[in-house]
Each structure stands twice: as C-alpha cells, then as structure tokens.
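Data file: data_30.cif. Format and content: mmCIF, C-alpha atoms.
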data_work
#
loop_
_atom_site.label_atom_id
_atom_site.label_comp_id
_atom_site.auth_asym_id
_atom_site.auth_seq_id
_atom_site.Cartn_x
_atom_site.Cartn_y
_atom_site.Cartn_z
CA GLU A 1 3.78 -18.74 -6.35
CA VAL A 2 3.44 -14.97 -6.38
CA GLN A 3 6.23 -12.97 -4.77
CA LEU A 4 5.69 -9.40 -3.62
CA VAL A 5 8.51 -7.10 -2.53
CA GLU A 6 7.70 -3.76 -0.89
CA SER A 7 10.03 -0.80 -0.55
CA GLY A 8 9.93 2.90 0.20
CA GLY A 9 9.17 2.90 3.89
CA GLY A 10 11.07 4.94 6.44
CA TRP A 11 10.80 7.69 9.00
CA VAL A 12 9.00 10.94 8.27
CA GLN A 13 7.68 13.82 10.33
CA PRO A 14 3.94 14.46 10.62
CA GLY A 15 2.71 16.22 7.50
CA GLY A 16 5.36 14.61 5.35
CA SER A 17 5.08 12.24 2.40
CA LEU A 18 6.32 8.83 1.38
CA ARG A 19 5.82 6.69 -1.71
CA LEU A 20 5.68 2.94 -1.28
CA SER A 21 6.37 0.54 -4.14
CA CYS A 22 5.67 -3.16 -4.53
CA VAL A 23 7.15 -5.28 -7.30
CA VAL A 24 5.11 -8.38 -8.05
CA SER A 25 6.60 -11.43 -9.72
CA SER A 26 3.63 -12.70 -11.67
CA GLY A 27 2.99 -13.00 -15.35
CA VAL A 28 -0.63 -12.05 -14.78
CA PHE A 29 -0.12 -8.98 -12.60
CA LYS A 30 -2.33 -6.89 -14.82
CA LEU A 31 -5.20 -9.30 -14.23
CA MET A 32 -4.97 -9.05 -10.44
CA PRO A 33 -6.80 -6.59 -8.23
CA MET A 34 -4.30 -5.37 -5.67
CA SER A 35 -4.39 -3.83 -2.23
CA TRP A 36 -2.36 -2.25 0.52
CA VAL A 37 -2.91 -3.29 4.11
CA ARG A 38 -1.09 -2.25 7.26
CA GLN A 39 -0.45 -3.70 10.67
CA THR A 40 0.22 -2.16 14.05
CA PRO A 41 0.71 -4.05 17.32
CA GLY A 42 -2.38 -2.51 18.82
CA LYS A 43 -4.84 -2.63 15.92
CA GLY A 44 -3.91 -5.75 14.01
CA LEU A 45 -4.23 -5.92 10.24
CA GLU A 46 -6.08 -3.01 8.62
CA TRP A 47 -7.10 -2.68 4.99
CA VAL A 48 -5.89 0.62 3.50
CA SER A 49 -6.64 0.75 -0.21
CA SER A 50 -7.44 -1.33 -3.28
CA ILE A 51 -7.19 -0.93 -7.03
CA SER A 52 -8.93 -2.87 -9.76
CA SER A 53 -7.18 -5.06 -12.29
CA GLY A 54 -6.22 -3.88 -15.76
CA ALA A 55 -5.97 -0.12 -16.04
CA GLY A 56 -6.84 0.30 -12.37
CA THR A 57 -9.71 2.65 -13.06
CA THR A 58 -11.46 1.76 -9.81
CA THR A 59 -9.86 2.57 -6.49
CA ASP A 60 -11.09 2.44 -2.92
CA TYR A 61 -9.75 3.78 0.35
CA ALA A 62 -10.29 3.36 4.05
CA ASP A 63 -11.91 6.44 5.57
CA SER A 64 -8.80 7.00 7.67
CA VAL A 65 -6.63 7.64 4.59
CA LYS A 66 -9.13 9.00 2.06
CA GLY A 67 -7.93 12.24 0.52
CA ARG A 68 -4.35 11.69 1.70
CA PHE A 69 -3.26 8.41 0.06
CA THR A 70 -3.32 7.48 -3.62
CA ILE A 71 -2.99 3.95 -4.96
CA SER A 72 -1.80 3.32 -8.50
CA ARG A 73 -0.25 0.62 -10.64
CA ASP A 74 2.13 0.30 -13.58
CA ASN A 75 1.43 -2.96 -15.36
CA THR A 76 4.48 -2.54 -17.62
CA LYS A 77 6.66 -2.73 -14.50
CA ASN A 78 4.53 -5.18 -12.48
CA THR A 79 4.54 -2.55 -9.75
CA LEU A 80 1.96 -1.27 -7.29
CA TYR A 81 2.35 2.12 -5.61
CA LEU A 82 0.97 3.96 -2.61
CA GLN A 83 1.56 7.71 -2.45
CA MET A 84 1.07 8.85 1.12
CA ASN A 85 0.73 12.57 1.84
CA SER A 86 -0.10 14.53 4.98
CA LEU A 87 1.08 11.64 7.09
CA LYS A 88 -0.07 11.40 10.68
CA THR A 89 1.44 9.63 13.67
CA GLU A 90 -1.42 7.13 13.54
CA ASP A 91 -0.25 6.05 10.07
CA THR A 92 2.76 4.41 11.70
CA ALA A 93 2.63 0.71 10.77
CA VAL A 94 4.14 -2.03 8.69
CA TYR A 95 2.66 -1.70 5.21
CA TYR A 96 2.09 -4.73 3.02
CA CYS A 97 0.99 -5.03 -0.56
CA ALA A 98 -1.35 -7.92 -1.16
CA THR A 99 -3.25 -9.61 -3.93
CA GLY A 100 -7.01 -9.47 -3.99
CA ALA A 101 -9.65 -6.81 -3.77
CA ARG A 102 -9.33 -6.50 0.01
CA GLY A 103 -5.80 -7.83 0.35
CA SER A 104 -6.90 -11.26 1.40
CA GLY A 105 -4.40 -13.07 -0.83
CA ASP A 106 -0.63 -13.28 -0.85
CA ARG A 107 1.37 -10.58 0.95
CA GLY A 108 4.92 -9.35 0.84
CA GLN A 109 7.33 -9.03 3.74
CA GLY A 110 6.22 -5.49 4.49
CA THR A 111 7.91 -2.12 4.83
CA GLN A 112 7.96 -0.08 8.03
CA VAL A 113 6.55 3.44 8.02
CA THR A 114 7.20 5.55 11.09
CA VAL A 115 5.63 8.99 11.47
CA SER A 116 6.97 10.95 14.43
CA LEU A 117 8.66 14.18 15.46
#

Kindly return the structure encoded in the file as structure tokens.
Amino acid sequence: EVQLVESGGGWVQPGGSLRLSCVVSSGVFKLMPMSWVRQTPGKGLEWVSSISSGAGTTTDYADSVKGRFTISRDNTKNTLYLQMNSLKTEDTAVYYCATGARGSGDRGQGTQVTVSL
C-alpha cells in the first residue's frame, strides 16, 4: 500500500507563494507518474498538475494554474513538490498529491491552502 503525506499548506495573502511537499512511501516512486489535485466544497475534485515518471521531464497543468504553479519531483527523497506563486483567492482548496497521470490513484490526507486578505 502506498502512503502519501502532504505538507506545506497554510494561509497566504493574494499574490503570495507557498510550496507544497508530498512524501511517498513506495520503493518504486521513481516509476510512478504523479499528480496534484485539489478539492473545494463548491467545485469538487479538480486536477491541477501532473509530472511524468523518472526524471519528470514532462509536466502538465490545468489552465487555471498554468504559468503560476510548478510541479517537480526528487526521486532521491521520494518527494513530490508543487510551487505555487501569484496565488489567488480561487486557489483556496484542500490540495492532495496522488499517484497516476491524472491523479486517479491513491491520495494523501491533503493539506489546506487558504488565500485571503
């Protein structure tokens, strides 16, 4: 069973930045495409970004975050990252890391991100 533990969420003002981390307990992390998804009460679960397995040379982003968020991975630390810049109030959500190219696999417990004045 894969375990995923997110951290790095919190409160930030609009325009600010946060960096989310997700430690994955799997001996084959480097072989797994990974994703970030987020959930808000009104919108449900929304895919945010994905990164390919291995060196992570291929990344993809939802239009709503393109140019502001950057996904990356460190296979030596079994860790997935999401750098979030120029945050907007509509980015407020619980963020989950997930296995799979569109985050359709296992998910962690999530970390809350709140963007407000």

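From atom CA of Pro14 of chain A back to atom CA of Thr89 of chain A, the distance works out to 6.2 Å.
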
Legend entry - Shortest interatomic distance to Arg19 of chain A - which of A:Val113, A:Leu31, A:Leu45, A:Val5, counting only C-alpha atoms: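 Among A:Val113, A:Leu31, A:Leu45, A:Val5, it is A:Val113 that comes nearest to Arg19 of chain A.
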
Inset, instruction - Excluding Ser104 of chain A and any residue of its chain fewer than 4 positions from it, enumerate the residues within 10 Å of it, using only C-alpha atoms, and give them as a ChimeraX atom specification. - result: /A:34-35,37,47,98-100

Inset, instruction - Kindly extract all protein, DNA and RNA residues lying within 10 Å of the coordinates (-2.6, 14.9, 10.7) given in the file, considering all atoms listed in the file, and supply them as a PyMOL selection string. - result: chain A and resi 14-16+68+85-91

Inset, instruction - For a cut-off of 7 Å around (-7.0, 5.8, -3.7), file coordinates, pick out all residues using only C-alpha atoms and list them as a PyMOL selection string. - result: chain A and resi 49+59-61+66+69-71

All heavy atoms restored at segment 59-70 of chain A, emitted as a PDB file, in the frame of the given file:
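Saved to part_0.pdb:
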ATOM      1  N   THR A  59     -10.646   2.595  -7.713  1.00  0.00           N
ATOM      2  CA  THR A  59      -9.860   2.570  -6.490  1.00  0.00           C
ATOM      3  C   THR A  59     -10.790   2.761  -5.291  1.00  0.00           C
ATOM      4  O   THR A  59     -11.894   3.297  -5.420  1.00  0.00           O
ATOM      5  CB  THR A  59      -8.789   3.669  -6.479  1.00  0.00           C
ATOM      6  OG1 THR A  59      -9.421   4.950  -6.635  1.00  0.00           O
ATOM      7  CG2 THR A  59      -7.786   3.473  -7.616  1.00  0.00           C
ATOM      8  N   ASP A  60     -10.307   2.338  -4.140  1.00  0.00           N
ATOM      9  CA  ASP A  60     -11.090   2.440  -2.920  1.00  0.00           C
ATOM     10  C   ASP A  60     -10.141   2.669  -1.759  1.00  0.00           C
ATOM     11  O   ASP A  60      -8.994   2.176  -1.790  1.00  0.00           O
ATOM     12  CB  ASP A  60     -11.921   1.177  -2.699  1.00  0.00           C
ATOM     13  CG  ASP A  60     -13.046   1.383  -1.709  1.00  0.00           C
ATOM     14  OD1 ASP A  60     -13.339   2.541  -1.344  1.00  0.00           O
ATOM     15  OD2 ASP A  60     -13.639   0.378  -1.282  1.00  0.00           O
ATOM     16  N   TYR A  61     -10.610   3.408  -0.765  1.00  0.00           N
ATOM     17  CA  TYR A  61      -9.750   3.780   0.350  1.00  0.00           C
ATOM     18  C   TYR A  61     -10.497   3.647   1.677  1.00  0.00           C
ATOM     19  O   TYR A  61     -11.704   3.906   1.754  1.00  0.00           O
ATOM     20  CB  TYR A  61      -9.277   5.228   0.201  1.00  0.00           C
ATOM     21  CG  TYR A  61      -8.479   5.480  -1.039  1.00  0.00           C
ATOM     22  CD1 TYR A  61      -9.086   5.895  -2.222  1.00  0.00           C
ATOM     23  CD2 TYR A  61      -7.086   5.299  -1.046  1.00  0.00           C
ATOM     24  CE1 TYR A  61      -8.349   6.114  -3.376  1.00  0.00           C
ATOM     25  CE2 TYR A  61      -6.348   5.527  -2.195  1.00  0.00           C
ATOM     26  CZ  TYR A  61      -6.978   5.931  -3.357  1.00  0.00           C
ATOM     27  OH  TYR A  61      -6.242   6.148  -4.493  1.00  0.00           O
ATOM     28  N   ALA A  62      -9.751   3.288   2.707  1.00  0.00           N
ATOM     29  CA  ALA A  62     -10.290   3.360   4.050  1.00  0.00           C
ATOM     30  C   ALA A  62     -10.557   4.820   4.397  1.00  0.00           C
ATOM     31  O   ALA A  62      -9.841   5.718   3.940  1.00  0.00           O
ATOM     32  CB  ALA A  62      -9.314   2.748   5.044  1.00  0.00           C
ATOM     33  N   ASP A  63     -11.568   5.058   5.202  1.00  0.00           N
ATOM     34  CA  ASP A  63     -11.910   6.440   5.570  1.00  0.00           C
ATOM     35  C   ASP A  63     -10.726   7.143   6.219  1.00  0.00           C
ATOM     36  O   ASP A  63     -10.552   8.350   6.057  1.00  0.00           O
ATOM     37  CB  ASP A  63     -13.095   6.437   6.529  1.00  0.00           C
ATOM     38  CG  ASP A  63     -14.402   6.089   5.835  1.00  0.00           C
ATOM     39  OD1 ASP A  63     -14.460   6.160   4.585  1.00  0.00           O
ATOM     40  OD2 ASP A  63     -15.367   5.734   6.534  1.00  0.00           O
ATOM     41  N   SER A  64      -9.910   6.404   6.933  1.00  0.00           N
ATOM     42  CA  SER A  64      -8.800   7.000   7.670  1.00  0.00           C
ATOM     43  C   SER A  64      -7.717   7.576   6.764  1.00  0.00           C
ATOM     44  O   SER A  64      -6.910   8.402   7.209  1.00  0.00           O
ATOM     45  CB  SER A  64      -8.176   5.968   8.612  1.00  0.00           C
ATOM     46  OG  SER A  64      -7.736   4.834   7.882  1.00  0.00           O
ATOM     47  N   VAL A  65      -7.685   7.161   5.502  1.00  0.00           N
ATOM     48  CA  VAL A  65      -6.630   7.640   4.590  1.00  0.00           C
ATOM     49  C   VAL A  65      -7.195   8.363   3.374  1.00  0.00           C
ATOM     50  O   VAL A  65      -6.428   8.911   2.576  1.00  0.00           O
ATOM     51  CB  VAL A  65      -5.734   6.480   4.116  1.00  0.00           C
ATOM     52  CG1 VAL A  65      -5.182   5.712   5.306  1.00  0.00           C
ATOM     53  CG2 VAL A  65      -6.450   5.552   3.158  1.00  0.00           C
ATOM     54  N   LYS A  66      -8.501   8.386   3.232  1.00  0.00           N
ATOM     55  CA  LYS A  66      -9.130   9.000   2.060  1.00  0.00           C
ATOM     56  C   LYS A  66      -8.741  10.462   1.951  1.00  0.00           C
ATOM     57  O   LYS A  66      -8.758  11.200   2.935  1.00  0.00           O
ATOM     58  CB  LYS A  66     -10.643   8.832   2.156  1.00  0.00           C
ATOM     59  CG  LYS A  66     -11.385   8.990   0.859  1.00  0.00           C
ATOM     60  CD  LYS A  66     -12.838   8.578   1.010  1.00  0.00           C
ATOM     61  CE  LYS A  66     -12.987   7.095   1.266  1.00  0.00           C
ATOM     62  NZ  LYS A  66     -14.401   6.663   1.360  1.00  0.00           N
ATOM     63  N   GLY A  67      -8.344  10.872   0.742  1.00  0.00           N
ATOM     64  CA  GLY A  67      -7.930  12.240   0.520  1.00  0.00           C
ATOM     65  C   GLY A  67      -6.460  12.493   0.783  1.00  0.00           C
ATOM     66  O   GLY A  67      -5.923  13.556   0.425  1.00  0.00           O
ATOM     67  N   ARG A  68      -5.779  11.530   1.405  1.00  0.00           N
ATOM     68  CA  ARG A  68      -4.350  11.690   1.700  1.00  0.00           C
ATOM     69  C   ARG A  68      -3.491  10.676   0.950  1.00  0.00           C
ATOM     70  O   ARG A  68      -2.353  10.969   0.593  1.00  0.00           O
ATOM     71  CB  ARG A  68      -4.105  11.527   3.206  1.00  0.00           C
ATOM     72  CG  ARG A  68      -4.851  12.517   4.065  1.00  0.00           C
ATOM     73  CD  ARG A  68      -4.436  12.418   5.526  1.00  0.00           C
ATOM     74  NE  ARG A  68      -4.753  11.122   6.116  1.00  0.00           N
ATOM     75  CZ  ARG A  68      -3.856  10.300   6.649  1.00  0.00           C
ATOM     76  NH1 ARG A  68      -2.575  10.629   6.663  1.00  0.00           N
ATOM     77  NH2 ARG A  68      -4.246   9.135   7.186  1.00  0.00           N
ATOM     78  N   PHE A  69      -4.013   9.486   0.728  1.00  0.00           N
ATOM     79  CA  PHE A  69      -3.260   8.410   0.060  1.00  0.00           C
ATOM     80  C   PHE A  69      -3.812   8.200  -1.342  1.00  0.00           C
ATOM     81  O   PHE A  69      -5.004   8.362  -1.590  1.00  0.00           O
ATOM     82  CB  PHE A  69      -3.382   7.103   0.832  1.00  0.00           C
ATOM     83  CG  PHE A  69      -2.682   7.052   2.159  1.00  0.00           C
ATOM     84  CD1 PHE A  69      -2.155   8.191   2.750  1.00  0.00           C
ATOM     85  CD2 PHE A  69      -2.545   5.839   2.825  1.00  0.00           C
ATOM     86  CE1 PHE A  69      -1.500   8.140   3.966  1.00  0.00           C
ATOM     87  CE2 PHE A  69      -1.913   5.761   4.052  1.00  0.00           C
ATOM     88  CZ  PHE A  69      -1.391   6.920   4.620  1.00  0.00           C
ATOM     89  N   THR A  70      -2.921   7.801  -2.260  1.00  0.00           N
ATOM     90  CA  THR A  70      -3.320   7.480  -3.620  1.00  0.00           C
ATOM     91  C   THR A  70      -2.674   6.182  -4.053  1.00  0.00           C
ATOM     92  O   THR A  70      -1.441   6.051  -4.011  1.00  0.00           O
ATOM     93  CB  THR A  70      -2.917   8.602  -4.594  1.00  0.00           C
ATOM     94  OG1 THR A  70      -3.500   9.832  -4.173  1.00  0.00           O
ATOM     95  CG2 THR A  70      -3.388   8.273  -6.008  1.00  0.00           C
TER      96      THR A  70
END
